>>> print(open('run_27.cif').read())   # mmCIF, N, CA and C atoms
data_query
loop_
_atom_site.label_atom_id
_atom_site.label_comp_id
_atom_site.auth_asym_id
_atom_site.auth_seq_id
_atom_site.Cartn_x
_atom_site.Cartn_y
_atom_site.Cartn_z
N MET A 1 91.35 -34.02 -93.88
CA MET A 1 91.94 -35.24 -93.40
C MET A 1 91.22 -36.42 -94.04
N PRO A 2 91.90 -37.19 -94.83
CA PRO A 2 91.27 -38.27 -95.57
C PRO A 2 90.58 -39.30 -94.69
N GLU A 3 91.11 -39.55 -93.49
CA GLU A 3 90.50 -40.56 -92.63
C GLU A 3 89.10 -40.16 -92.15
N PHE A 4 88.75 -38.89 -92.29
CA PHE A 4 87.43 -38.43 -91.88
C PHE A 4 86.45 -38.29 -93.05
N ASP A 5 86.89 -38.57 -94.24
CA ASP A 5 86.02 -38.42 -95.42
C ASP A 5 84.79 -39.31 -95.35
N THR A 6 84.90 -40.47 -94.76
CA THR A 6 83.76 -41.40 -94.69
C THR A 6 83.17 -41.47 -93.29
N SER A 7 83.56 -40.56 -92.43
CA SER A 7 83.04 -40.61 -91.06
C SER A 7 81.58 -40.19 -91.02
N TYR A 8 80.87 -40.71 -90.05
CA TYR A 8 79.46 -40.42 -89.87
C TYR A 8 79.31 -39.14 -89.05
N ARG A 9 78.48 -38.24 -89.50
CA ARG A 9 78.25 -36.97 -88.81
C ARG A 9 77.08 -37.12 -87.84
N VAL A 10 77.32 -36.80 -86.60
CA VAL A 10 76.30 -36.93 -85.58
C VAL A 10 75.35 -35.73 -85.59
N LEU A 11 75.87 -34.55 -85.83
CA LEU A 11 75.06 -33.34 -85.78
C LEU A 11 74.42 -33.07 -87.14
N ARG A 12 73.11 -33.11 -87.18
CA ARG A 12 72.34 -32.99 -88.41
C ARG A 12 72.60 -31.67 -89.13
N ARG A 13 72.73 -30.59 -88.43
CA ARG A 13 72.85 -29.27 -89.06
C ARG A 13 74.29 -28.76 -89.09
N ARG A 14 75.23 -29.63 -88.91
CA ARG A 14 76.64 -29.23 -88.91
C ARG A 14 76.98 -28.59 -90.26
N GLY A 15 77.69 -27.48 -90.21
CA GLY A 15 78.13 -26.83 -91.43
C GLY A 15 77.18 -25.77 -91.95
N GLU A 16 76.00 -25.66 -91.39
CA GLU A 16 75.08 -24.62 -91.84
C GLU A 16 75.63 -23.27 -91.37
N PRO A 17 75.50 -22.25 -92.20
CA PRO A 17 76.17 -20.98 -91.90
C PRO A 17 75.64 -20.23 -90.69
N ASP A 18 74.41 -20.45 -90.31
CA ASP A 18 73.76 -19.62 -89.29
C ASP A 18 73.69 -20.30 -87.92
N VAL A 19 74.49 -21.32 -87.69
CA VAL A 19 74.29 -22.14 -86.50
C VAL A 19 74.55 -21.42 -85.18
N ARG A 20 75.23 -20.32 -85.18
CA ARG A 20 75.52 -19.63 -83.92
C ARG A 20 74.45 -18.62 -83.53
N SER A 21 73.42 -18.49 -84.30
CA SER A 21 72.35 -17.54 -84.02
C SER A 21 71.19 -18.24 -83.32
N LEU A 22 70.68 -17.65 -82.25
CA LEU A 22 69.52 -18.23 -81.57
C LEU A 22 68.29 -18.20 -82.46
N ASP A 23 68.16 -17.16 -83.29
CA ASP A 23 67.03 -17.11 -84.22
C ASP A 23 67.07 -18.29 -85.19
N ALA A 24 68.25 -18.60 -85.70
CA ALA A 24 68.40 -19.73 -86.61
C ALA A 24 68.08 -21.04 -85.89
N TYR A 25 68.51 -21.14 -84.66
CA TYR A 25 68.23 -22.34 -83.87
C TYR A 25 66.73 -22.52 -83.69
N ARG A 26 66.03 -21.45 -83.39
CA ARG A 26 64.56 -21.53 -83.24
C ARG A 26 63.88 -21.88 -84.55
N ARG A 27 64.34 -21.30 -85.66
CA ARG A 27 63.77 -21.62 -86.97
C ARG A 27 63.95 -23.10 -87.31
N ALA A 28 65.01 -23.68 -86.79
CA ALA A 28 65.29 -25.10 -87.05
C ALA A 28 64.59 -26.01 -86.04
N GLY A 29 63.73 -25.44 -85.20
CA GLY A 29 62.98 -26.25 -84.24
C GLY A 29 63.57 -26.26 -82.84
N GLY A 30 64.62 -25.49 -82.65
CA GLY A 30 65.24 -25.41 -81.33
C GLY A 30 64.28 -24.85 -80.30
N TYR A 31 64.36 -25.34 -79.11
CA TYR A 31 63.52 -24.96 -77.97
C TYR A 31 62.07 -25.44 -78.10
N ALA A 32 61.74 -26.21 -79.13
CA ALA A 32 60.36 -26.68 -79.30
C ALA A 32 59.93 -27.56 -78.13
N ALA A 33 60.81 -28.45 -77.69
CA ALA A 33 60.47 -29.33 -76.57
C ALA A 33 60.29 -28.53 -75.28
N LEU A 34 61.14 -27.53 -75.07
CA LEU A 34 61.01 -26.69 -73.89
C LEU A 34 59.69 -25.92 -73.92
N GLU A 35 59.35 -25.38 -75.07
CA GLU A 35 58.09 -24.64 -75.20
C GLU A 35 56.89 -25.55 -74.94
N THR A 36 56.93 -26.77 -75.46
CA THR A 36 55.85 -27.74 -75.21
C THR A 36 55.74 -28.03 -73.72
N ALA A 37 56.87 -28.24 -73.08
CA ALA A 37 56.86 -28.54 -71.65
C ALA A 37 56.25 -27.39 -70.85
N ILE A 38 56.63 -26.18 -71.18
CA ILE A 38 56.14 -25.01 -70.43
C ILE A 38 54.66 -24.76 -70.68
N ARG A 39 54.23 -24.88 -71.93
CA ARG A 39 52.86 -24.50 -72.29
C ARG A 39 51.83 -25.62 -72.17
N GLU A 40 52.27 -26.88 -72.31
CA GLU A 40 51.29 -27.96 -72.45
C GLU A 40 51.39 -29.07 -71.41
N GLN A 41 52.45 -29.09 -70.62
CA GLN A 41 52.62 -30.19 -69.68
C GLN A 41 52.59 -29.70 -68.25
N THR A 42 52.12 -30.57 -67.37
CA THR A 42 52.16 -30.27 -65.95
C THR A 42 53.55 -30.66 -65.42
N PRO A 43 53.92 -30.11 -64.27
CA PRO A 43 55.20 -30.53 -63.69
C PRO A 43 55.28 -32.04 -63.49
N GLU A 44 54.18 -32.66 -63.07
CA GLU A 44 54.19 -34.11 -62.86
C GLU A 44 54.41 -34.87 -64.17
N GLN A 45 53.85 -34.39 -65.27
CA GLN A 45 54.07 -35.03 -66.57
C GLN A 45 55.55 -34.94 -66.98
N ILE A 46 56.14 -33.80 -66.72
CA ILE A 46 57.56 -33.62 -67.06
C ILE A 46 58.42 -34.56 -66.20
N ILE A 47 58.13 -34.62 -64.92
CA ILE A 47 58.88 -35.51 -64.04
C ILE A 47 58.73 -36.95 -64.51
N GLN A 48 57.52 -37.36 -64.85
CA GLN A 48 57.30 -38.74 -65.31
C GLN A 48 58.06 -39.01 -66.61
N GLN A 49 58.13 -38.04 -67.47
CA GLN A 49 58.87 -38.18 -68.72
C GLN A 49 60.36 -38.39 -68.44
N VAL A 50 60.89 -37.66 -67.48
CA VAL A 50 62.30 -37.81 -67.10
C VAL A 50 62.53 -39.19 -66.47
N ILE A 51 61.59 -39.64 -65.65
CA ILE A 51 61.69 -40.99 -65.07
C ILE A 51 61.65 -42.05 -66.17
N ASP A 52 60.71 -41.91 -67.09
CA ASP A 52 60.58 -42.88 -68.19
C ASP A 52 61.83 -42.94 -69.06
N ALA A 53 62.54 -41.81 -69.17
CA ALA A 53 63.77 -41.77 -69.96
C ALA A 53 64.94 -42.43 -69.23
N LYS A 54 64.73 -42.75 -67.95
CA LYS A 54 65.76 -43.40 -67.13
C LYS A 54 67.04 -42.57 -66.99
N LEU A 55 66.89 -41.26 -67.01
CA LEU A 55 68.02 -40.36 -66.79
C LEU A 55 68.47 -40.51 -65.34
N ARG A 56 69.75 -40.75 -65.15
CA ARG A 56 70.29 -41.00 -63.81
C ARG A 56 71.40 -40.02 -63.47
N GLY A 57 71.57 -39.81 -62.18
CA GLY A 57 72.70 -39.03 -61.71
C GLY A 57 73.99 -39.81 -61.93
N ARG A 58 75.10 -39.11 -61.98
CA ARG A 58 76.40 -39.76 -62.20
C ARG A 58 77.10 -40.08 -60.89
N GLY A 59 76.44 -39.82 -59.77
CA GLY A 59 77.04 -40.12 -58.48
C GLY A 59 77.00 -41.61 -58.19
N GLY A 60 77.49 -41.98 -57.05
CA GLY A 60 77.58 -43.39 -56.68
C GLY A 60 76.25 -44.10 -56.60
N ALA A 61 75.20 -43.40 -56.19
CA ALA A 61 73.89 -44.04 -56.04
C ALA A 61 73.21 -44.29 -57.38
N GLY A 62 73.47 -43.48 -58.36
CA GLY A 62 72.85 -43.65 -59.68
C GLY A 62 71.34 -43.53 -59.64
N ARG A 63 70.85 -42.73 -58.76
CA ARG A 63 69.40 -42.59 -58.59
C ARG A 63 68.77 -41.89 -59.79
N LEU A 64 67.53 -42.25 -60.11
CA LEU A 64 66.82 -41.62 -61.22
C LEU A 64 66.61 -40.13 -60.93
N THR A 65 66.96 -39.30 -61.89
CA THR A 65 66.82 -37.86 -61.75
C THR A 65 65.36 -37.48 -61.49
N GLY A 66 64.44 -38.10 -62.19
CA GLY A 66 63.02 -37.81 -61.99
C GLY A 66 62.55 -38.11 -60.58
N GLU A 67 63.11 -39.15 -59.98
CA GLU A 67 62.75 -39.46 -58.59
C GLU A 67 63.21 -38.34 -57.66
N LYS A 68 64.41 -37.83 -57.91
CA LYS A 68 64.91 -36.71 -57.10
C LYS A 68 63.99 -35.50 -57.26
N TRP A 69 63.60 -35.21 -58.51
CA TRP A 69 62.71 -34.08 -58.75
C TRP A 69 61.37 -34.28 -58.05
N ARG A 70 60.85 -35.51 -58.08
CA ARG A 70 59.56 -35.78 -57.46
C ARG A 70 59.64 -35.59 -55.94
N ILE A 71 60.73 -36.02 -55.34
CA ILE A 71 60.91 -35.84 -53.90
C ILE A 71 60.86 -34.35 -53.55
N VAL A 72 61.59 -33.54 -54.31
CA VAL A 72 61.60 -32.09 -54.06
C VAL A 72 60.21 -31.51 -54.29
N ARG A 73 59.55 -31.91 -55.35
CA ARG A 73 58.21 -31.38 -55.66
C ARG A 73 57.21 -31.68 -54.55
N ASN A 74 57.32 -32.85 -53.94
CA ASN A 74 56.35 -33.26 -52.92
C ASN A 74 56.67 -32.73 -51.52
N MET A 75 57.76 -32.01 -51.37
CA MET A 75 58.09 -31.43 -50.06
C MET A 75 57.11 -30.31 -49.72
N ASP A 76 56.87 -30.13 -48.44
CA ASP A 76 55.91 -29.11 -47.99
C ASP A 76 56.50 -27.71 -47.92
N ASP A 77 57.80 -27.58 -48.03
CA ASP A 77 58.44 -26.27 -47.92
C ASP A 77 57.98 -25.33 -49.03
N ASN A 78 57.93 -24.03 -48.71
CA ASN A 78 57.57 -23.03 -49.71
C ASN A 78 58.68 -22.81 -50.72
N GLN A 79 59.93 -22.85 -50.26
CA GLN A 79 61.07 -22.69 -51.16
C GLN A 79 61.71 -24.05 -51.40
N LYS A 80 61.92 -24.36 -52.67
CA LYS A 80 62.51 -25.64 -53.05
C LYS A 80 63.67 -25.39 -53.99
N TYR A 81 64.70 -26.20 -53.87
CA TYR A 81 65.88 -26.03 -54.70
C TYR A 81 66.30 -27.38 -55.28
N VAL A 82 66.67 -27.35 -56.53
CA VAL A 82 67.33 -28.49 -57.16
C VAL A 82 68.67 -27.96 -57.63
N ILE A 83 69.74 -28.60 -57.21
CA ILE A 83 71.09 -28.15 -57.55
C ILE A 83 71.69 -29.12 -58.55
N CYS A 84 72.21 -28.58 -59.62
CA CYS A 84 72.85 -29.38 -60.66
C CYS A 84 74.34 -29.11 -60.64
N ASN A 85 75.12 -30.13 -60.35
CA ASN A 85 76.57 -30.01 -60.39
C ASN A 85 77.00 -30.30 -61.83
N ALA A 86 77.22 -29.26 -62.59
CA ALA A 86 77.55 -29.43 -64.01
C ALA A 86 79.05 -29.58 -64.23
N TYR A 87 79.84 -29.53 -63.16
CA TYR A 87 81.29 -29.70 -63.29
C TYR A 87 81.69 -30.88 -62.43
N ASP A 88 82.28 -31.86 -63.04
CA ASP A 88 82.72 -33.02 -62.28
C ASP A 88 84.13 -33.39 -62.72
N ALA A 89 85.09 -33.06 -61.90
CA ALA A 89 86.49 -33.33 -62.24
C ALA A 89 86.93 -34.72 -61.78
N ASP A 90 86.04 -35.45 -61.14
CA ASP A 90 86.39 -36.79 -60.67
C ASP A 90 86.43 -37.75 -61.85
N PRO A 91 87.61 -38.26 -62.22
CA PRO A 91 87.69 -39.15 -63.39
C PRO A 91 86.89 -40.43 -63.23
N ARG A 92 86.61 -40.83 -61.99
CA ARG A 92 85.82 -42.05 -61.78
C ARG A 92 84.37 -41.86 -62.20
N ALA A 93 83.90 -40.62 -62.26
CA ALA A 93 82.52 -40.37 -62.66
C ALA A 93 82.29 -40.70 -64.13
N TRP A 94 83.35 -40.79 -64.90
CA TRP A 94 83.23 -41.05 -66.34
C TRP A 94 83.66 -42.46 -66.70
N ALA A 95 83.96 -43.26 -65.71
CA ALA A 95 84.43 -44.63 -65.99
C ALA A 95 83.29 -45.55 -66.34
#
>>> encode(input="run_27.cif", output="structure tokens")
Amino acid sequence: MPEFDTSYRVLRRRGEPDVRSLDAYRRAGGYAALETAIREQTPEQIIQQVIDAKLRGRGGAGRLTGEKWRIVRNMDDNQKYVICNAYDADPRAWA
């Protein structure tokens, strides 16, 4: 399609032949941030990083995700749960 000839590509590795392989993803640096978080950071450092990134929920309150995580982390209960609603069919959530 000629109209896409000059379009900007967002994905750096688009078109590479091995992109569907997890091994190829790891060779390209995939999961490096996750590995760093697991091996080198404390839970509090990770929470602070999420707060600093200003990641927010898409609900009406728009509360910082890191604040939610910190609240759960500081609870005295032995079992703690964080629930992620990854499906949102409400069109207002994307407005």
>>> select_by_dssp(input="run_27.cif", residues="range 30-73 of chain A", states="alpha helix (DSSP H)", output="short mmCIF file (atom, residue, chain, number, x, y, z; two decimals) with N, CA and C atoms, in the frame of the given file")
data_model
loop_
_atom_site.label_atom_id
_atom_site.label_comp_id
_atom_site.auth_asym_id
_atom_site.auth_seq_id
_atom_site.Cartn_x
_atom_site.Cartn_y
_atom_site.Cartn_z
N ALA A 32 61.74 -26.21 -79.13
CA ALA A 32 60.36 -26.68 -79.30
C ALA A 32 59.93 -27.56 -78.13
N ALA A 33 60.81 -28.45 -77.69
CA ALA A 33 60.47 -29.33 -76.57
C ALA A 33 60.29 -28.53 -75.28
N LEU A 34 61.14 -27.53 -75.07
CA LEU A 34 61.01 -26.69 -73.89
C LEU A 34 59.69 -25.92 -73.92
N GLU A 35 59.35 -25.38 -75.07
CA GLU A 35 58.09 -24.64 -75.20
C GLU A 35 56.89 -25.55 -74.94
N THR A 36 56.93 -26.77 -75.46
CA THR A 36 55.85 -27.74 -75.21
C THR A 36 55.74 -28.03 -73.72
N ALA A 37 56.87 -28.24 -73.08
CA ALA A 37 56.86 -28.54 -71.65
C ALA A 37 56.25 -27.39 -70.85
N ILE A 38 56.63 -26.18 -71.18
CA ILE A 38 56.14 -25.01 -70.43
C ILE A 38 54.66 -24.76 -70.68
N ARG A 39 54.23 -24.88 -71.93
CA ARG A 39 52.86 -24.50 -72.29
C ARG A 39 51.83 -25.62 -72.17
N GLU A 40 52.27 -26.88 -72.31
CA GLU A 40 51.29 -27.96 -72.45
C GLU A 40 51.39 -29.07 -71.41
N PRO A 43 53.92 -30.11 -64.27
CA PRO A 43 55.20 -30.53 -63.69
C PRO A 43 55.28 -32.04 -63.49
N GLU A 44 54.18 -32.66 -63.07
CA GLU A 44 54.19 -34.11 -62.86
C GLU A 44 54.41 -34.87 -64.17
N GLN A 45 53.85 -34.39 -65.27
CA GLN A 45 54.07 -35.03 -66.57
C GLN A 45 55.55 -34.94 -66.98
N ILE A 46 56.14 -33.80 -66.72
CA ILE A 46 57.56 -33.62 -67.06
C ILE A 46 58.42 -34.56 -66.20
N ILE A 47 58.13 -34.62 -64.92
CA ILE A 47 58.88 -35.51 -64.04
C ILE A 47 58.73 -36.95 -64.51
N GLN A 48 57.52 -37.36 -64.85
CA GLN A 48 57.30 -38.74 -65.31
C GLN A 48 58.06 -39.01 -66.61
N GLN A 49 58.13 -38.04 -67.47
CA GLN A 49 58.87 -38.18 -68.72
C GLN A 49 60.36 -38.39 -68.44
N VAL A 50 60.89 -37.66 -67.48
CA VAL A 50 62.30 -37.81 -67.10
C VAL A 50 62.53 -39.19 -66.47
N ILE A 51 61.59 -39.64 -65.65
CA ILE A 51 61.69 -40.99 -65.07
C ILE A 51 61.65 -42.05 -66.17
N ASP A 52 60.71 -41.91 -67.09
CA ASP A 52 60.58 -42.88 -68.19
C ASP A 52 61.83 -42.94 -69.06
N THR A 65 66.96 -39.30 -61.89
CA THR A 65 66.82 -37.86 -61.75
C THR A 65 65.36 -37.48 -61.49
N GLY A 66 64.44 -38.10 -62.19
CA GLY A 66 63.02 -37.81 -61.99
C GLY A 66 62.55 -38.11 -60.58
N GLU A 67 63.11 -39.15 -59.98
CA GLU A 67 62.75 -39.46 -58.59
C GLU A 67 63.21 -38.34 -57.66
N LYS A 68 64.41 -37.83 -57.91
CA LYS A 68 64.91 -36.71 -57.10
C LYS A 68 63.99 -35.50 -57.26
N TRP A 69 63.60 -35.21 -58.51
CA TRP A 69 62.71 -34.08 -58.75
C TRP A 69 61.37 -34.28 -58.05
N ARG A 70 60.85 -35.51 -58.08
CA ARG A 70 59.56 -35.78 -57.46
C ARG A 70 59.64 -35.59 -55.94
N ILE A 71 60.73 -36.02 -55.34
CA ILE A 71 60.91 -35.84 -53.90
C ILE A 71 60.86 -34.35 -53.55
N VAL A 72 61.59 -33.54 -54.31
CA VAL A 72 61.60 -32.09 -54.06
C VAL A 72 60.21 -31.51 -54.29
N ARG A 73 59.55 -31.91 -55.35
CA ARG A 73 58.21 -31.38 -55.66
C ARG A 73 57.21 -31.68 -54.55
#
>>> atom_distance(input="run_27.cif", atom1="CA of Val82 in chain A", atom2="CA of Leu34 in chain A")
18.0 Å
>>> residues_around(input="run_27.cif", residues="range 44-56 of chain A", least_positions_apart="4", cutoff="7 Å", atoms="all atoms listed in the file", output="short mmCIF file (atom, residue, chain, number, x, y, z; two decimals) with N, CA and C atoms, in the frame of the given file")
data_model
loop_
_atom_site.label_atom_id
_atom_site.label_comp_id
_atom_site.auth_asym_id
_atom_site.auth_seq_id
_atom_site.Cartn_x
_atom_site.Cartn_y
_atom_site.Cartn_z
N ALA A 37 56.87 -28.24 -73.08
CA ALA A 37 56.86 -28.54 -71.65
C ALA A 37 56.25 -27.39 -70.85
N GLY A 62 73.47 -43.48 -58.36
CA GLY A 62 72.85 -43.65 -59.68
C GLY A 62 71.34 -43.53 -59.64
N ARG A 63 70.85 -42.73 -58.76
CA ARG A 63 69.40 -42.59 -58.59
C ARG A 63 68.77 -41.89 -59.79
N LEU A 64 67.53 -42.25 -60.11
CA LEU A 64 66.82 -41.62 -61.22
C LEU A 64 66.61 -40.13 -60.93
N THR A 65 66.96 -39.30 -61.89
CA THR A 65 66.82 -37.86 -61.75
C THR A 65 65.36 -37.48 -61.49
N GLY A 66 64.44 -38.10 -62.19
CA GLY A 66 63.02 -37.81 -61.99
C GLY A 66 62.55 -38.11 -60.58
N GLU A 67 63.11 -39.15 -59.98
CA GLU A 67 62.75 -39.46 -58.59
C GLU A 67 63.21 -38.34 -57.66
N TRP A 69 63.60 -35.21 -58.51
CA TRP A 69 62.71 -34.08 -58.75
C TRP A 69 61.37 -34.28 -58.05
N ARG A 70 60.85 -35.51 -58.08
CA ARG A 70 59.56 -35.78 -57.46
C ARG A 70 59.64 -35.59 -55.94
#
>>> atom_distance(input="run_27.cif", atom1="CA of Arg73 in chain A", atom2="atom N of Pro43 in chain A")
9.7 Å
>>> atom_distance(input="run_27.cif", atom1="CA of Gly59 in chain A", atom2="CA of Ala89 in chain A")
12.2 Å
>>> axis_aligned_box(input="run_27.cif", around="range 38-52 of chain A", padding_each_side="6 Å", output="AutoDock Vina command-line options")
--center_x 56.9 --center_y -33.7 --center_z -67.7 --size_x 23.2 --size_y 30.4 --size_z 21.6
